[in-house]
Structures are given as structure tokens and as C-alpha cells.
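So this block is coords20.cif, mmCIF, C-alpha atoms and all ligand atoms:
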data_target
loop_
_atom_site.label_atom_id
_atom_site.label_comp_id
_atom_site.auth_asym_id
_atom_site.auth_seq_id
_atom_site.Cartn_x
_atom_site.Cartn_y
_atom_site.Cartn_z
CA MET Q 1 -35.97 -38.74 -62.77
CA SER Q 2 -36.68 -35.36 -64.41
CA SER Q 3 -38.30 -32.55 -62.49
CA GLU Q 4 -41.40 -30.79 -63.77
CA LYS Q 5 -39.26 -27.71 -64.51
CA GLU Q 6 -36.86 -29.75 -66.68
CA ILE Q 7 -39.76 -31.33 -68.57
CA ASN Q 8 -41.33 -27.90 -69.19
CA GLU Q 9 -38.02 -26.51 -70.42
CA GLU Q 10 -37.47 -29.44 -72.76
CA GLU Q 11 -40.99 -28.94 -74.13
CA ALA Q 12 -40.28 -25.25 -74.63
CA ARG Q 13 -36.99 -26.06 -76.40
CA GLU Q 14 -38.73 -28.53 -78.70
CA ASN Q 15 -41.42 -25.99 -79.60
CA LEU Q 16 -38.78 -23.34 -80.29
CA ARG Q 17 -36.82 -25.77 -82.50
CA LYS Q 18 -39.98 -26.51 -84.45
CA ALA Q 19 -40.51 -22.75 -84.86
CA GLY Q 20 -37.09 -22.57 -86.53
CA TYR Q 21 -34.88 -21.18 -83.77
CA SER Q 22 -31.25 -22.30 -83.42
CA GLU Q 23 -29.89 -23.87 -80.22
CA GLN Q 24 -27.95 -20.66 -79.51
CA VAL Q 25 -31.09 -18.50 -79.80
CA ILE Q 26 -33.01 -20.88 -77.57
CA GLU Q 27 -30.28 -20.80 -74.91
CA HIS Q 28 -30.06 -16.97 -74.89
CA TRP Q 29 -33.85 -16.74 -74.76
CA LEU Q 30 -34.36 -19.23 -71.94
CA HIS Q 31 -31.26 -18.23 -69.93
CA PRO Q 32 -30.17 -14.69 -70.78
CA LYS Q 33 -26.93 -13.78 -68.99
CA ASN Q 34 -27.06 -10.01 -69.39
CA LEU Q 35 -30.69 -9.13 -68.87
CA GLY Q 36 -30.93 -6.20 -66.47
CA THR Q 37 -29.52 -2.76 -65.83
CA ILE Q 38 -26.14 -1.51 -64.55
CA ASP Q 39 -26.19 0.63 -61.44
CA LYS Q 40 -26.14 4.28 -62.51
CA ASN Q 41 -22.97 4.95 -60.48
CA GLU Q 42 -21.19 2.24 -62.49
CA CYS Q 43 -22.83 2.89 -65.85
CA ASP Q 44 -20.75 4.82 -68.42
CA GLY Q 45 -23.04 4.47 -71.41
CA ASP Q 46 -26.84 4.28 -71.45
CA SER Q 47 -28.58 4.12 -74.82
CA GLY Q 48 -31.94 5.20 -73.40
CA TRP Q 49 -34.95 3.39 -74.87
CA TYR Q 50 -34.66 2.90 -78.60
CA THR Q 51 -37.72 1.76 -80.54
CA GLY Q 52 -37.21 0.07 -83.89
CA PRO Q 53 -39.55 0.31 -86.89
CA CYS Q 54 -41.45 -2.84 -85.73
CA GLY Q 55 -42.40 -1.06 -82.48
CA ASP Q 56 -40.16 -3.17 -80.20
CA SER Q 57 -37.81 -1.37 -77.84
CA MET Q 58 -34.45 -1.98 -76.24
CA ARG Q 59 -32.05 -0.25 -73.88
CA ILE Q 60 -28.35 -1.13 -73.42
CA PHE Q 61 -26.04 -0.23 -70.52
CA LEU Q 62 -22.23 -0.25 -70.59
CA LYS Q 63 -19.52 -0.15 -67.97
CA ILE Q 64 -16.30 1.00 -69.65
CA ARG Q 65 -12.82 1.36 -68.15
CA ASN Q 66 -9.81 2.66 -70.10
CA GLY Q 67 -11.72 2.32 -73.35
CA VAL Q 68 -12.56 -1.35 -72.76
CA ILE Q 69 -16.10 -2.63 -72.14
CA GLN Q 70 -16.12 -4.39 -68.78
CA GLN Q 71 -19.83 -5.14 -68.60
CA ALA Q 72 -22.83 -4.79 -70.89
CA SER Q 73 -26.47 -5.46 -70.15
CA PHE Q 74 -29.87 -4.82 -71.68
CA ILE Q 75 -33.57 -4.63 -71.12
CA SER Q 76 -36.07 -5.20 -73.91
CA ASP Q 77 -39.60 -6.01 -74.94
CA ILE Q 78 -40.44 -9.66 -74.94
CA CYS Q 79 -39.38 -10.72 -78.42
CA ILE Q 80 -37.25 -13.86 -78.87
CA GLY Q 81 -35.13 -12.30 -81.59
CA ALA Q 82 -34.43 -9.10 -79.67
CA VAL Q 83 -33.66 -10.80 -76.36
CA SER Q 84 -31.36 -13.38 -77.94
CA ALA Q 85 -29.64 -10.78 -80.14
CA ALA Q 86 -29.11 -8.36 -77.25
CA ASP Q 87 -27.88 -11.13 -74.96
CA ALA Q 88 -25.44 -12.39 -77.61
CA LEU Q 89 -24.25 -8.87 -78.47
CA THR Q 90 -23.69 -7.89 -74.84
CA GLU Q 91 -21.62 -11.08 -74.44
CA MET Q 92 -19.69 -10.36 -77.64
CA VAL Q 93 -18.65 -6.83 -76.59
CA ARG Q 94 -17.39 -7.72 -73.11
CA GLY Q 95 -13.60 -7.26 -73.08
CA LYS Q 96 -13.63 -5.42 -76.42
CA LYS Q 97 -12.37 -1.91 -77.08
CA VAL Q 98 -15.12 0.60 -77.79
CA SER Q 99 -13.89 0.92 -81.39
CA GLU Q 100 -14.15 -2.87 -81.86
CA ALA Q 101 -17.68 -2.94 -80.42
CA LEU Q 102 -18.71 -0.13 -82.75
CA ALA Q 103 -17.60 -2.17 -85.76
CA LEU Q 104 -19.99 -5.05 -84.97
CA LYS Q 105 -22.88 -5.40 -87.39
CA ALA Q 106 -26.23 -7.18 -87.28
CA GLU Q 107 -24.74 -9.91 -89.51
CA ASN Q 108 -22.09 -10.65 -86.86
CA VAL Q 109 -24.82 -11.09 -84.24
CA ILE Q 110 -26.91 -13.30 -86.53
CA LYS Q 111 -23.85 -15.47 -87.22
CA GLU Q 112 -23.12 -15.73 -83.47
CA LEU Q 113 -26.72 -16.87 -82.96
CA GLY Q 114 -26.45 -19.56 -85.63
CA GLY Q 115 -29.05 -17.62 -87.62
CA LEU Q 116 -32.41 -16.01 -86.94
CA PRO Q 117 -35.68 -16.63 -88.79
CA ALA Q 118 -35.88 -14.14 -91.69
CA GLN Q 119 -38.77 -12.24 -90.10
CA GLU Q 120 -36.62 -11.62 -86.99
CA GLU Q 121 -33.31 -10.64 -88.58
CA HIS Q 122 -34.20 -7.00 -87.89
CA CYS Q 123 -34.02 -7.80 -84.15
CA ALA Q 124 -30.22 -8.04 -84.49
CA LYS Q 125 -30.21 -4.62 -86.16
CA LEU Q 126 -32.21 -3.23 -83.23
CA ALA Q 127 -29.50 -4.55 -80.89
CA THR Q 128 -26.55 -3.10 -82.83
CA ILE Q 129 -28.23 0.30 -83.22
CA THR Q 130 -29.02 0.38 -79.49
CA LEU Q 131 -25.39 -0.53 -78.70
CA LYS Q 132 -24.20 2.37 -80.87
CA LYS Q 133 -26.49 4.71 -78.91
CA ALA Q 134 -25.01 3.49 -75.61
CA ILE Q 135 -21.49 4.07 -76.98
CA ALA Q 136 -22.49 7.54 -78.20
CA ASP Q 137 -23.70 8.31 -74.68
CA TYR Q 138 -20.33 7.14 -73.28
CA GLU Q 139 -18.38 9.22 -75.78
CA LYS Q 140 -20.47 12.29 -75.07
CA TYR Q 141 -19.55 12.25 -71.41
CA HIS Q 142 -16.17 10.61 -71.18
CA GLN Q 143 -14.35 13.74 -72.39
CA CYS Q 144 -16.21 15.90 -69.83
CA PRO Q 145 -17.41 13.57 -67.04
CA TRP Q 146 -18.31 16.53 -64.82
CA LYS Q 147 -21.27 17.27 -67.15
CA LYS Q 148 -23.00 13.97 -66.43
CA PRO Q 149 -24.59 14.77 -63.05
CA TYR Q 150 -25.91 18.03 -64.47
CA GLU Q 151 -27.37 16.69 -67.70
CA LYS Q 152 -28.59 13.22 -66.69
CA LYS Q 153 -31.23 12.17 -64.22
FE1 LIG Q 201 -39.07 -6.47 -83.85
FE2 LIG Q 201 -37.97 -8.51 -82.58
S1 LIG Q 201 -37.31 -6.44 -82.57
S2 LIG Q 201 -39.85 -8.52 -83.71
#
Can I see the file as C-alpha cells?
Ligand code: FES
Amino acid sequence: MSSEKEINEEEARENLRKAGYSEQVIEHWLHPKNLGTIDKNECDGDSGWYTGPCGDSMRIFLKIRNGVIQQASFISDICIGAVSAADALTEMVRGKKVSEALALKAENVIKELGGLPAQEEHCAKLATITLKKAIADYEKYHQCPWKKPYEKK
């Protein structure tokens, strides 16, 4: 017998399918793995809030050791495209070198998601731009880590 929660989730999935979302998008949206922050003592790259042209915002956090991304997480406005793109992208970069993460484009994220509705393809761009900002923050401080406590709150 199905619980009320399972029935509600199946209803939500059906509605999202009808709205044109892929199974991958629906899964990231309903069960994001990387939603949240990284403790500031562990965080090596913080994009800060970035707002895209549509007015939605995102922030990405990175934990990087020896040039390899160990952990990535995000917080974002409630937009299905942005949450699913950020969740997919933060999964994709885990275990990658910083240079490999930098090379990822919105198209790679859209492919990973099995597509996004045309009106939400820009959400993937928001995620890749925000990731680049988090990497830029890492690169700014990793040469001179002693500056971080002085310049960041
Ligand atoms: Fe603009 Fe998703 S980021 S609608």
C-alpha cells in the first residue's frame, strides 16, 4: 500500500512530466543532493550571490584540495530549471580538476539533464556562470590564502 507522501510525489512527477520536464530534471528538483552551503572553514570557493538577467539568483560553494573539487553545493531561488541545473552541475564537478570544471558549458548541463524546456535553458547558463565565479574566488585566494581572513567576512 502506498503512503500519502508517495502518492503526492507521484502526482507531482506526473504534473512535471506533463509540463515537459525530463526524468532527470524531476529527480534533481524533488531530491536535490547538493542543496545547501559548505561550512566557511571548509569552503575554498564561494561565488557570492549571482543574479541572472531573468532576476533569479544562485550561489555556489566549493571545497577544493590539490586542485580537485571534493565537494560542491548551491543555494538558489525556487526555479525548477535553476535547482536542477545547479544540482546536476555540482554533481558533475565533484572529483574533477578545477580546469575541467571550468570547461563545462550550459550545453553539457542541459545534456546531463536530458534537456530543459526552451524557456528554462538559461537556467543552466546561470549555473555555469555561478560556478565560474566560485572558481574565480578560489583562484583569487589559493595563491595567497593568508589574505582570506582579512578580505572575507
Ligand atoms: Fe531564470 Fe530559472 S534561472 S527561470
Quick one: contact table of chain Q to ligand LIG 201 (chain Q), 6 Å max, nearest atom pair and distance in Å to one decimal per residue, counting all atoms listed in the file, chain and number order, as a tab-separated table?
residue	atom	partner	partner_atom	distance
Q:Cys54	CA	Q:LIG201	FE1	4.7
Q:Asp56	CA	Q:LIG201	S1	4.9
Q:Cys79	CA	Q:LIG201	FE2	4.9
Q:Gly81	CA	Q:LIG201	FE2	4.8
Q:Ala82	CA	Q:LIG201	FE2	4.6
Q:Glu120	CA	Q:LIG201	S2	5.5
Q:Cys123	CA	Q:LIG201	S1	3.9
What gap, in Å, lies between atom CA of Leu126 of chain Q and atom CA of Asn8 of chain Q? 29.8 Å
Distance table requested - segment 88-141 of chain Q against segment 43-50 of chain Q, cut-off 7 Å, only C-alpha atoms: one row per qualifying residue with the closest atom pair and its distance in Å to one decimal, ordered by chain and rising residue number, as a Markdown table.
| residue | atom | partner | partner_atom | distance |
| --- | --- | --- | --- | --- |
| Q:Thr130 | CA | Q:Ser47 | CA | 6.0 |
| Q:Leu131 | CA | Q:Ser47 | CA | 6.8 |
| Q:Lys133 | CA | Q:Ser47 | CA | 4.6 |
| Q:Ala134 | CA | Q:Ser47 | CA | 3.7 |
| Q:Ile135 | CA | Q:Gly45 | CA | 5.8 |
| Q:Asp137 | CA | Q:Gly45 | CA | 5.1 |
| Q:Tyr138 | CA | Q:Gly45 | CA | 4.2 |
Pairwise distance, atom CA of Ile64 of chain Q with atom CA of Leu104 of chain Q, equals 16.9 Å
Measuring between all atoms listed in the file, which one of Q:Ala124, Q:Gly67, Q:Ala85, Q:Ser2 shows the shortest distance to His28 of chain Q?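 Nearest candidate to His28 of chain Q out of Q:Ala124, Q:Gly67, Q:Ala85, Q:Ser2: Q:Ala85.
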Segment 69-77 of chain Q environment, 10 Å, all atoms listed in the file, sequence neighbours closer than 3 positions dropped, as an NGL selection string: :Q and (32-38 or 42-47 or 49-51 or 55-66 or 80 or 82-83 or 86-87 or 89-98 or 100-101 or 127 or 130-131 or 134-135)
I need every residue sitting at most 12 Å from the point (-33.8, -21.9, -78.9) (coordinates as in the file, all atoms listed in the file considered), written as a ChimeraX atom specification. /Q:9-32,80-81,83-85,113-117
For atom CA of Ile129 of chain Q and atom CA of Val109 of chain Q, the interatomic separation in Å (one decimal):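 These atoms are spaced 11.9 Å apart.
Closest to Ala88 of chain Q among Q:Lys132, Q:Lys5, Q:His142, Q:Lys111 is Q:Lys111, based on all atoms listed in the file.
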